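Peer 1: upload.cif is reproduced in full below (mmCIF, C-alpha atoms).
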data_coords
#
loop_
_atom_site.label_atom_id
_atom_site.label_comp_id
_atom_site.auth_asym_id
_atom_site.auth_seq_id
_atom_site.Cartn_x
_atom_site.Cartn_y
_atom_site.Cartn_z
CA SER A 1 82.71 94.95 54.85
CA ASN A 2 85.12 97.35 53.17
CA PRO A 3 87.27 99.65 55.33
CA ILE A 4 86.11 103.22 55.83
CA ASN A 5 89.02 105.53 54.95
CA ILE A 6 89.88 108.46 57.23
CA THR A 7 91.61 111.41 55.57
CA SER A 8 90.93 114.21 58.11
CA CYS A 9 89.68 114.86 61.65
CA GLY A 10 86.08 114.08 62.49
CA GLN A 11 83.54 111.94 64.34
CA LEU A 12 83.25 108.20 63.72
CA ILE A 13 79.56 107.27 63.56
CA SER A 14 79.28 103.66 62.33
CA PRO A 15 79.28 100.69 64.73
CA ASN A 16 80.62 97.33 63.56
CA ALA A 17 82.89 99.15 61.11
CA TYR A 18 86.57 99.02 60.20
CA TYR A 19 88.05 102.54 60.02
CA GLN A 20 91.56 103.11 58.69
CA LEU A 21 93.81 106.11 58.19
CA VAL A 22 95.22 106.62 54.72
CA ASN A 23 97.46 109.56 55.68
CA ASP A 24 98.70 111.54 58.70
CA ILE A 25 96.07 113.91 60.09
CA THR A 26 96.36 116.98 62.34
CA GLY A 27 93.70 118.92 64.20
CA GLY A 28 92.50 120.50 67.42
CA ASN A 29 90.34 119.14 70.22
CA ASP A 30 88.94 115.63 69.65
CA CYS A 31 90.57 115.26 66.26
CA VAL A 32 89.08 111.76 66.10
CA TYR A 33 86.23 110.82 68.44
CA TRP A 34 83.19 108.60 68.85
CA ASN A 35 80.51 107.96 71.47
CA GLU A 36 79.08 104.87 73.17
CA ASP A 37 76.73 104.06 70.28
CA VAL A 38 79.73 103.23 68.08
CA ASN A 39 80.89 99.84 69.35
CA ASN A 40 82.39 96.63 67.96
CA MET A 41 84.60 98.69 65.68
CA THR A 42 88.27 98.98 64.76
CA LEU A 43 90.34 102.12 64.36
CA ASP A 44 93.41 101.11 62.36
CA LEU A 45 95.97 103.92 62.18
CA ASN A 46 97.60 101.94 59.39
CA GLY A 47 101.08 103.14 60.35
CA PHE A 48 100.09 106.84 60.27
CA THR A 49 99.85 109.55 62.97
CA ILE A 50 96.97 111.47 64.52
CA GLU A 51 98.31 114.72 65.99
CA GLY A 52 96.57 117.45 67.97
CA ASN A 53 97.32 120.55 70.01
CA SER A 54 94.26 120.79 72.26
CA ALA A 55 92.65 118.99 75.22
CA ARG A 56 92.24 115.54 73.62
CA VAL A 57 93.67 114.22 70.39
CA VAL A 58 91.60 111.01 70.28
CA SER A 59 88.51 110.58 72.48
CA ALA A 60 87.31 106.99 72.41
CA THR A 61 84.24 105.63 74.19
CA CYS A 62 85.69 102.23 73.56
CA PHE A 63 83.23 99.32 73.89
CA PHE A 64 84.27 95.95 72.41
CA SER A 65 86.57 97.79 70.03
CA GLU A 66 90.23 98.03 68.99
CA ILE A 67 92.66 100.88 68.36
CA LYS A 68 95.89 99.78 66.70
CA ASN A 69 98.94 100.23 64.52
CA GLY A 70 100.13 103.84 64.61
CA THR A 71 100.93 106.98 66.62
CA ILE A 72 98.78 109.41 68.60
CA ASN A 73 100.64 112.60 69.46
CA SER A 74 99.64 115.54 71.68
CA THR A 75 101.94 118.53 71.16
CA GLU A 76 100.71 121.05 73.79
CA TYR A 77 101.92 121.07 77.40
CA ASN A 78 98.68 122.16 79.14
CA PRO A 79 96.97 119.29 81.02
CA TYR A 80 96.11 117.68 77.72
CA THR A 81 96.06 114.04 76.75
CA ALA A 82 96.84 112.07 73.62
CA LEU A 83 94.21 109.34 74.15
CA ASP A 84 91.14 109.85 76.33
CA ILE A 85 88.89 106.89 77.21
CA PRO A 86 85.94 108.36 79.16
CA TYR A 87 84.15 104.97 79.15
CA GLY A 88 85.51 101.62 78.11
CA ASP A 89 84.75 97.91 78.25
CA SER A 90 86.65 95.20 76.36
CA CYS A 91 88.86 97.73 74.60
CA LEU A 92 92.15 96.61 73.02
CA LEU A 93 95.06 99.01 72.44
CA LYS A 94 97.62 97.27 70.22
CA ASP A 95 100.86 98.20 68.45
CA LEU A 96 100.57 101.87 69.35
CA LYS A 97 102.89 104.75 70.16
CA ILE A 98 101.30 107.37 72.42
CA LYS A 99 103.19 110.66 72.82
CA SER A 100 102.22 113.63 74.96
CA THR A 101 103.79 116.53 76.81
CA TYR A 102 101.47 115.88 79.77
CA TYR A 103 99.08 112.88 79.97
CA GLY A 104 99.61 109.93 77.67
CA ILE A 105 96.31 108.11 78.34
CA VAL A 106 93.42 109.17 80.57
CA THR A 107 90.62 106.86 81.75
CA SER A 108 87.60 108.04 83.72
CA SER A 109 84.33 106.56 84.94
CA ILE A 110 84.25 102.88 83.84
CA ALA A 111 87.47 101.39 82.43
CA ASP A 112 86.73 97.66 82.45
CA ARG A 113 88.77 95.02 80.64
CA ILE A 114 91.08 97.51 78.96
CA LYS A 115 93.99 95.61 77.37
CA PHE A 116 97.35 96.93 76.19
CA LYS A 117 99.54 94.86 73.88
CA ASN A 118 102.83 96.22 72.56
CA VAL A 119 102.10 99.86 73.43
CA THR A 120 104.77 102.52 73.99
CA VAL A 121 103.74 105.61 75.97
CA ILE A 122 106.07 108.62 76.11
CA ALA A 123 104.62 111.15 78.57
CA PRO A 124 105.40 112.73 81.97
CA ILE A 125 102.32 110.89 83.28
CA GLY A 126 101.89 107.68 81.30
CA ILE A 127 98.37 106.72 82.42
CA PHE A 128 96.05 108.88 84.52
CA MET A 129 93.20 106.80 85.99
CA ASP A 130 90.74 109.49 87.00
CA GLY A 131 88.04 107.79 89.05
CA GLY A 132 85.60 105.02 88.27
CA LYS A 133 86.30 101.30 88.37
CA VAL A 134 89.41 100.07 86.59
CA ASN A 135 90.23 96.57 85.30
CA MET A 136 93.30 96.84 83.09
CA TYR A 137 95.77 94.33 81.59
CA ILE A 138 99.01 95.81 80.26
CA LYS A 139 101.31 93.41 78.37
CA ASN A 140 104.63 93.80 76.51
CA SER A 141 104.51 97.57 76.84
CA THR A 142 106.88 100.40 77.77
CA PHE A 143 106.32 103.70 79.59
CA ILE A 144 108.92 106.44 79.14
CA GLY A 145 108.71 109.58 81.27
CA SER A 146 110.75 111.73 78.94
CA GLU A 147 113.22 111.28 76.13
CA THR A 148 115.49 113.90 77.71
CA GLY A 149 114.80 113.90 81.49
CA LEU A 150 112.52 112.49 84.18
CA GLY A 151 108.74 112.26 84.07
CA ASP A 152 106.48 112.27 87.12
CA PHE A 153 104.55 108.98 87.26
CA GLY A 154 104.28 105.96 84.99
CA ILE A 155 100.79 105.38 86.43
CA PHE A 156 98.78 107.94 88.39
CA HIS A 157 96.01 105.89 89.98
CA GLY A 158 93.38 108.08 91.58
CA GLY A 159 89.82 108.28 92.80
CA SER A 160 88.68 104.70 92.22
CA GLN A 161 87.94 101.53 94.16
CA PHE A 162 88.07 97.73 93.82
CA ASP A 163 90.52 97.97 90.92
CA LEU A 164 92.65 95.26 89.32
CA ILE A 165 95.74 96.16 87.29
CA THR A 166 97.87 93.39 85.73
CA LEU A 167 101.33 94.24 84.41
CA GLU A 168 103.08 91.58 82.32
CA GLU A 169 106.49 92.26 80.76
CA VAL A 170 106.16 96.02 81.29
CA ASN A 171 109.04 98.51 81.47
CA PHE A 172 109.09 101.90 83.22
CA ILE A 173 111.89 104.25 82.11
CA ASN A 174 112.80 107.76 83.30
CA TYR A 175 110.13 108.26 85.95
CA THR A 176 110.49 109.81 89.39
CA GLU A 177 107.98 107.22 90.61
CA HIS A 178 106.57 104.26 88.77
CA ILE A 179 103.17 104.49 90.42
CA LYS A 180 101.19 107.02 92.46
CA LEU A 181 98.10 106.05 94.49
CA GLN A 182 95.61 108.80 95.33
CA ASP A 183 92.15 108.20 96.85
CA THR A 184 92.05 104.54 95.84
CA PHE A 185 89.99 102.47 98.25
CA GLN A 186 90.98 98.86 97.46
CA THR A 187 93.49 98.23 94.70
CA GLU A 188 95.30 95.13 93.49
CA TYR A 189 98.35 95.05 91.24
CA ILE A 190 99.50 91.74 89.75
CA ILE A 191 103.12 92.09 88.67
CA ARG A 192 104.34 89.50 86.18
CA ASN A 193 107.95 89.50 84.98
CA THR A 194 107.94 93.25 85.51
CA HIS A 195 110.16 95.47 87.62
CA LEU A 196 107.73 97.82 89.35
CA ASN A 197 109.08 100.09 92.06
CA PHE A 198 106.11 100.56 94.37
CA THR A 199 108.08 101.64 97.45
CA ASN A 200 106.37 105.03 97.48
CA ALA A 201 103.01 103.74 96.27
CA VAL A 202 101.15 104.40 99.51
CA PRO A 203 97.33 104.52 99.56
CA ASN A 204 96.04 107.53 101.44
CA ILE A 205 92.82 105.56 102.09
CA GLY A 206 92.05 101.85 102.04
CA ILE A 207 94.26 98.91 101.13
CA ALA A 208 96.60 98.12 98.24
CA ARG A 209 97.95 94.65 97.36
CA PHE A 210 101.00 94.12 95.16
CA ILE A 211 101.25 90.49 94.00
CA THR A 212 104.54 89.42 92.43
CA GLN A 213 104.24 86.44 90.06
CA HIS A 214 106.56 84.48 87.81
CA LEU A 215 105.91 82.59 84.61
CA VAL A 216 106.47 78.87 85.13
CA LEU A 217 107.06 76.71 82.04
CA ILE A 218 106.33 73.04 82.74
CA ASN A 219 107.58 70.35 80.37
CA LEU A 220 106.08 66.88 80.72
CA THR A 221 108.10 64.00 79.24
CA ASN A 222 107.99 60.23 79.36
CA GLU A 223 110.83 57.94 80.37
CA THR A 224 112.45 58.35 76.95
CA GLY A 225 112.33 62.16 77.07
CA SER A 226 109.51 62.52 74.54
CA PRO A 227 106.77 65.10 75.28
CA VAL A 228 103.44 63.86 76.59
CA ALA A 229 100.04 65.47 77.07
CA GLY A 230 98.86 65.84 80.62
CA ALA A 231 97.38 68.01 83.34
CA ILE A 232 99.11 69.63 86.30
CA GLU A 233 97.47 70.40 89.62
CA ILE A 234 99.37 73.05 91.57
CA ILE A 235 98.83 73.57 95.29
CA GLN A 236 100.70 75.91 97.59
CA ASN A 237 102.21 73.73 100.33
CA GLY A 238 100.16 74.00 103.52
CA THR A 239 97.03 75.29 101.78
CA ASN A 240 93.73 74.22 103.30
CA LEU A 241 91.64 73.45 100.22
CA SER A 242 88.40 73.62 102.23
CA THR A 243 88.95 77.36 102.76
CA ILE A 244 90.47 78.25 99.40
CA SER A 245 87.31 80.13 98.37
CA GLU A 246 87.76 82.74 101.09
CA VAL A 247 88.83 85.41 98.60
CA GLU A 248 87.97 88.18 101.03
CA LYS A 249 90.99 87.19 103.10
CA ILE A 250 93.41 90.01 102.32
CA ASP A 251 96.59 87.93 102.53
CA SER A 252 95.26 85.05 100.41
CA ASN A 253 97.28 83.79 97.46
CA PRO A 254 95.29 83.94 94.18
CA THR A 255 97.32 81.01 92.80
CA ALA A 256 97.21 78.79 95.90
CA HIS A 257 95.33 76.11 93.93
CA VAL A 258 95.34 76.19 90.14
CA PHE A 259 95.38 73.79 87.18
CA ALA A 260 97.30 73.80 83.90
CA ALA A 261 97.28 71.56 80.82
CA THR A 262 100.07 70.87 78.34
CA ASN A 263 99.91 71.57 74.62
CA GLU A 264 100.89 69.07 71.91
CA SER A 265 104.57 69.73 72.72
CA GLY A 266 104.13 68.74 76.36
CA ILE A 267 104.46 72.36 77.55
CA ALA A 268 102.21 74.14 80.05
CA GLU A 269 102.49 77.78 81.09
CA VAL A 270 101.17 79.24 84.33
CA PHE A 271 101.88 82.32 86.46
CA LEU A 272 102.46 81.57 90.15
CA THR A 273 102.68 83.98 93.05
CA GLU A 274 106.01 84.44 94.83
CA GLU A 275 105.03 87.09 97.39
CA ILE A 276 102.31 89.58 98.31
CA GLU A 277 102.93 93.01 99.78
CA ILE A 278 99.95 94.59 101.50
CA LYS A 279 99.75 98.27 102.43
CA ARG A 280 97.02 99.46 104.78
CA THR A 281 96.27 103.09 105.50
CA PHE A 282 96.15 103.47 109.23
CA SER A 283 98.15 105.66 111.57
CA PRO A 284 100.91 104.86 111.02
CA LEU A 285 100.88 103.04 107.68
CA GLU A 286 100.96 99.26 108.02
CA THR A 287 102.93 97.14 105.55
CA GLN A 288 102.75 93.34 105.49
CA LEU A 289 104.91 91.07 103.35
CA VAL A 290 103.49 87.59 102.73
CA THR A 291 106.02 85.10 101.34
CA VAL A 292 104.40 82.17 99.62
CA ASN A 293 105.33 78.65 100.66
CA PRO A 294 106.74 76.22 98.09
CA TYR A 295 104.29 74.73 95.59
CA VAL A 296 103.59 71.06 95.00
CA LEU A 297 103.13 70.36 91.27
CA THR A 298 101.34 67.07 90.58
CA ALA A 299 101.50 66.09 86.92
CA ARG A 300 99.13 63.44 85.57
CA SER A 301 98.99 61.60 82.24
CA GLU A 302 97.47 58.20 81.42
CA ASN A 303 96.89 57.36 85.11
CA VAL A 304 100.51 58.12 85.95
CA ASP A 305 101.43 60.98 88.24
CA ASN A 306 104.57 62.61 89.60
CA ASP A 307 105.08 65.27 92.26
CA THR A 308 107.63 68.07 92.03
CA ILE A 309 108.38 70.79 94.59
CA LEU A 310 108.83 74.38 93.36
CA ASP A 311 110.44 76.91 95.70
CA PHE A 312 111.01 80.32 94.10
CA GLY A 313 113.71 81.41 96.55
CA ALA A 314 115.55 84.34 94.96
CA ILE A 315 114.27 83.66 91.44
CA ASN A 316 113.34 86.82 89.55
CA SER A 317 112.75 85.53 86.03
CA THR A 318 110.93 82.80 84.14
CA VAL A 319 111.10 79.36 85.79
CA ARG A 320 111.50 76.22 83.69
CA ILE A 321 110.62 72.81 85.14
CA ASN A 322 110.87 69.37 83.56
CA ILE A 323 108.64 66.68 85.09
CA PRO A 324 109.36 63.15 83.81
CA LEU A 325 106.55 60.58 83.92
CA THR A 326 107.21 56.84 83.88
CA PHE A 327 104.39 54.79 82.39
CA GLY A 328 103.40 51.21 83.16
CA GLY A 329 104.00 51.65 86.88
CA GLY A 330 107.71 52.06 86.25
CA ASP A 331 108.11 48.57 84.69
CA THR A 332 109.60 48.55 81.20
CA LEU A 333 108.21 45.79 78.96
CA PRO A 334 110.78 43.40 77.43
CA PRO A 335 111.31 43.47 73.67
CA CYS A 336 109.32 40.93 71.67
CA THR A 337 111.11 37.97 70.13
CA ILE A 338 110.83 37.44 66.38
CA LEU A 339 108.45 34.52 67.01
CA GLN A 340 106.23 36.71 69.18
CA MET A 341 106.13 39.33 66.42
CA LEU A 342 105.16 36.78 63.74
CA ASP A 343 102.69 34.94 65.99
CA LEU A 344 99.70 37.22 65.24
CA ASP A 345 97.07 34.99 66.88
CA TYR A 346 99.40 34.45 69.86
CA ASP A 347 99.04 30.62 69.92
CA GLY A 348 102.75 30.00 70.31
CA GLU A 349 103.41 29.25 66.65
CA GLY A 350 104.17 31.31 63.54
CA ASP A 351 102.19 29.37 60.96
CA SER A 352 99.63 29.52 58.13
CA ARG A 353 96.92 30.84 60.47
CA ASP A 354 99.03 33.98 61.03
CA ALA A 355 99.55 34.29 57.26
CA LYS A 356 95.77 34.23 56.76
CA ILE A 357 95.39 37.21 59.11
CA ILE A 358 97.85 39.18 56.97
CA THR A 359 96.02 38.15 53.76
CA LYS A 360 92.64 39.27 55.16
CA TYR A 361 94.13 42.63 56.17
CA LYS A 362 95.73 43.13 52.74
CA VAL A 363 92.44 42.56 50.88
CA GLY A 364 90.52 44.92 53.18
CA GLN A 365 88.67 42.37 55.29
CA ASN A 366 88.03 43.06 58.98
CA VAL A 367 90.80 42.02 61.38
CA THR A 368 90.05 42.37 65.11
CA ALA A 369 92.68 42.77 67.82
CA ASN A 370 92.33 40.57 70.89
CA GLY A 371 94.53 41.77 73.77
CA THR A 372 98.26 42.46 73.95
CA LYS A 373 101.38 40.33 74.13
CA GLY A 374 103.16 41.95 77.09
CA CYS A 375 106.21 42.97 75.10
CA ASN A 376 107.50 45.93 73.10
CA ALA A 377 107.29 45.54 69.33
CA LEU A 378 110.44 45.38 67.22
CA ARG A 379 111.32 47.01 63.93
CA PHE A 380 112.89 44.99 61.07
CA LEU A 381 115.15 45.97 58.18
CA PRO A 382 113.52 45.74 54.74
CA ALA A 383 113.65 42.27 53.20
#
What would the structure in this file look like if it were written as structure tokens?

Peer 2:
Amino acid sequence: SNPINITSCGQLISPNAYYQLVNDITGGNDCVYWNEDVNNMTLDLNGFTIEGNSARVVSATCFFSEIKNGTINSTEYNPYTALDIPYGDSCLLKDLKIKSTYYGIVTSSIADRIKFKNVTVIAPIGIFMDGGKVNMYIKNSTFIGSETGLGDFGIFHGGSQFDLITLEEVNFINYTEHIKLQDTFQTEYIIRNTHLNFTNAVPNIGIARFITQHLVLINLTNETGSPVAGAIEIIQNGTNLSTISEVEKIDSNPTAHVFAATNESGIAEVFLTEEIEIKRTFSPLETQLVTVNPYVLTARSENVDNDTILDFGAINSTVRINIPLTFGGGDTLPPCTILQMLDLDYDGEGDSRDAKIITKYKVGQNVTANGTKGCNALRFLPA
């Protein structure tokens, strides 16, 4: 369908539609907004800006929808927000700049499967999670407290329970604290290639887990160094596989037993846990640091396997591992002799019977293979 052009503030009313700005727009409260009946839609800012000076600039009940490619700017200091998501499920925020003098983004009630990709938030409080259940994945994004001084919190996480927040390649700049926990019952942060200072992130009720992971790039090659396709089983050393399903165990490693597969270039990517920090609200506060044992990586391809040990140690960046696989049980076949190459029926002679096989193949008749010769084929220079 054709895009629906937006030229001024107003309500979006059509589900399954593609809305796009064609100019900058400015307004008051809820300059652009839509309710839960408008789903499976796209709001494309098209490189333009939505600006407002009241409580919410954009209010998005964002179900199976996407907001992308532009700027949302709140210009008033009162506890206002640039982007408000009162309800959300499967909502993608992509290639956005969110600016505010107070809250950048506010979520409330249900905020499930909210994804950030390449989003910059400039606000004293980057995200304010105000209750409800939160499942959020933030990738390749930056939070800036202030362009001139310090902001309060990159993430203010309050009033919710059983939440999962994943941070991958995320930067926090100019904040007094990266994260604040307030009235969160059970919260889990997965931290991937991200520097998150959670020293002062103390739950006043319940339990918080901070899981530090690293990206591991696995390269499978054969004995000649060429890439091969294969699968990798990864097990944390000492893991009892019969109890791996006990996810309720608070100090369990979510990557204690995982699988990965290579692409056509022989490369597999997987995030593995290095350590888990657990904070429990008792009197006094209890903090537990769980260091993960080394991993055993078993690579398999064409009934050949090879084990490699991975110990993170003091690693704090992407890990690259090359796992060579030797095929044929490690025995290299000898090169064929010229006679073996010419002896197509493998009767010990290069004669007219072999020439007939070539003739049949050349004229398109069926030629059937019958076993192998136990040697590596040779290449010849042109006659």

Peer 1: Please enumerate the residues selected by the PyMOL selection byres ((chain A and resi 197-199) around 8) when evaluated against the supplied file, formatted as a PyMOL selection string.

Peer 2: chain A and resi 177-179+195-196+200-202

Peer 1: What does the structure give for the distance between CA of Asn171 (chain A) and CA of Ile138 (chain A), in Å to one decimal?

Peer 2: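 Separation between CA of Asn171 (chain A) and CA of Ile138 (chain A): 10.5 Å.
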
Peer 1: Can you find the residues with an atom no farther than 7 Å from (108.8, 81.7, 85.0), counting only C-alpha atoms, and report them as a list in words?

Peer 2: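 Residues close enough to count: His214, Leu215, Val216, Leu217, Ser317, Thr318, Val319 and Arg320 of chain A.
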
Peer 1: So which residues touch region 55-58 of chain A within 8 Å, counting only C-alpha atoms, skipping near sequence neighbours fewer than 3 positions away, as a list of chain:residue names?

Peer 2: A:Gly27, A:Gly28, A:Asn29, A:Asp30, A:Cys31, A:Val32, A:Tyr33, A:Ile50, A:Glu51, A:Gly52, A:Ile72, A:Asn73, A:Ser74, A:Asn78, A:Pro79, A:Tyr80, A:Thr81, A:Ala82, A:Leu83, A:Asp84

Peer 1: Store the residues of this selection in a file with C-alpha atoms, as a short mmCIF file (atom, residue, chain, number, x, y, z; two decimals), in the frame of the given file.

Peer 2:
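Listing of selection.cif after writing:
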data_model
loop_
_atom_site.label_atom_id
_atom_site.label_comp_id
_atom_site.auth_asym_id
_atom_site.auth_seq_id
_atom_site.Cartn_x
_atom_site.Cartn_y
_atom_site.Cartn_z
CA GLY A 27 93.70 118.92 64.20
CA GLY A 28 92.50 120.50 67.42
CA ASN A 29 90.34 119.14 70.22
CA ASP A 30 88.94 115.63 69.65
CA CYS A 31 90.57 115.26 66.26
CA VAL A 32 89.08 111.76 66.10
CA TYR A 33 86.23 110.82 68.44
CA ILE A 50 96.97 111.47 64.52
CA GLU A 51 98.31 114.72 65.99
CA GLY A 52 96.57 117.45 67.97
CA ILE A 72 98.78 109.41 68.60
CA ASN A 73 100.64 112.60 69.46
CA SER A 74 99.64 115.54 71.68
CA ASN A 78 98.68 122.16 79.14
CA PRO A 79 96.97 119.29 81.02
CA TYR A 80 96.11 117.68 77.72
CA THR A 81 96.06 114.04 76.75
CA ALA A 82 96.84 112.07 73.62
CA LEU A 83 94.21 109.34 74.15
CA ASP A 84 91.14 109.85 76.33
#

Peer 1: How far is it from CA of Ile25 (chain A) to CA of Asn46 (chain A), in Å with one decimal?

Peer 2: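 Straight-line distance from CA of Ile25 (chain A) to CA of Asn46 (chain A) works out to 12.1 Å.
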
Peer 1: Could the residues of region 181-257 of chain A that have an atom at most 7 Å from region 286-296 of chain A be listed as JSON lines, each with its closest atom pair and the distance in Å to one decimal, counting all atoms listed in the file and ordered by chain and ascending residue number?

Peer 2:
{"residue": "A:Ile234", "atom": "CA", "partner": "A:Val296", "partner_atom": "CA", "distance": 5.8}
{"residue": "A:Ile235", "atom": "CA", "partner": "A:Val296", "partner_atom": "CA", "distance": 5.4}
{"residue": "A:Gln236", "atom": "CA", "partner": "A:Tyr295", "partner_atom": "CA", "distance": 4.3}
{"residue": "A:Asn237", "atom": "CA", "partner": "A:Tyr295", "partner_atom": "CA", "distance": 5.3}
{"residue": "A:Asp251", "atom": "CA", "partner": "A:Val290", "partner_atom": "CA", "distance": 6.9}

Peer 1: Quote the spacing between CA of Ile165 (chain A) and CA of Phe143 (chain A) in Å to one decimal place.

Peer 2: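 Distance reported for this atom pair: 15.1 Å.
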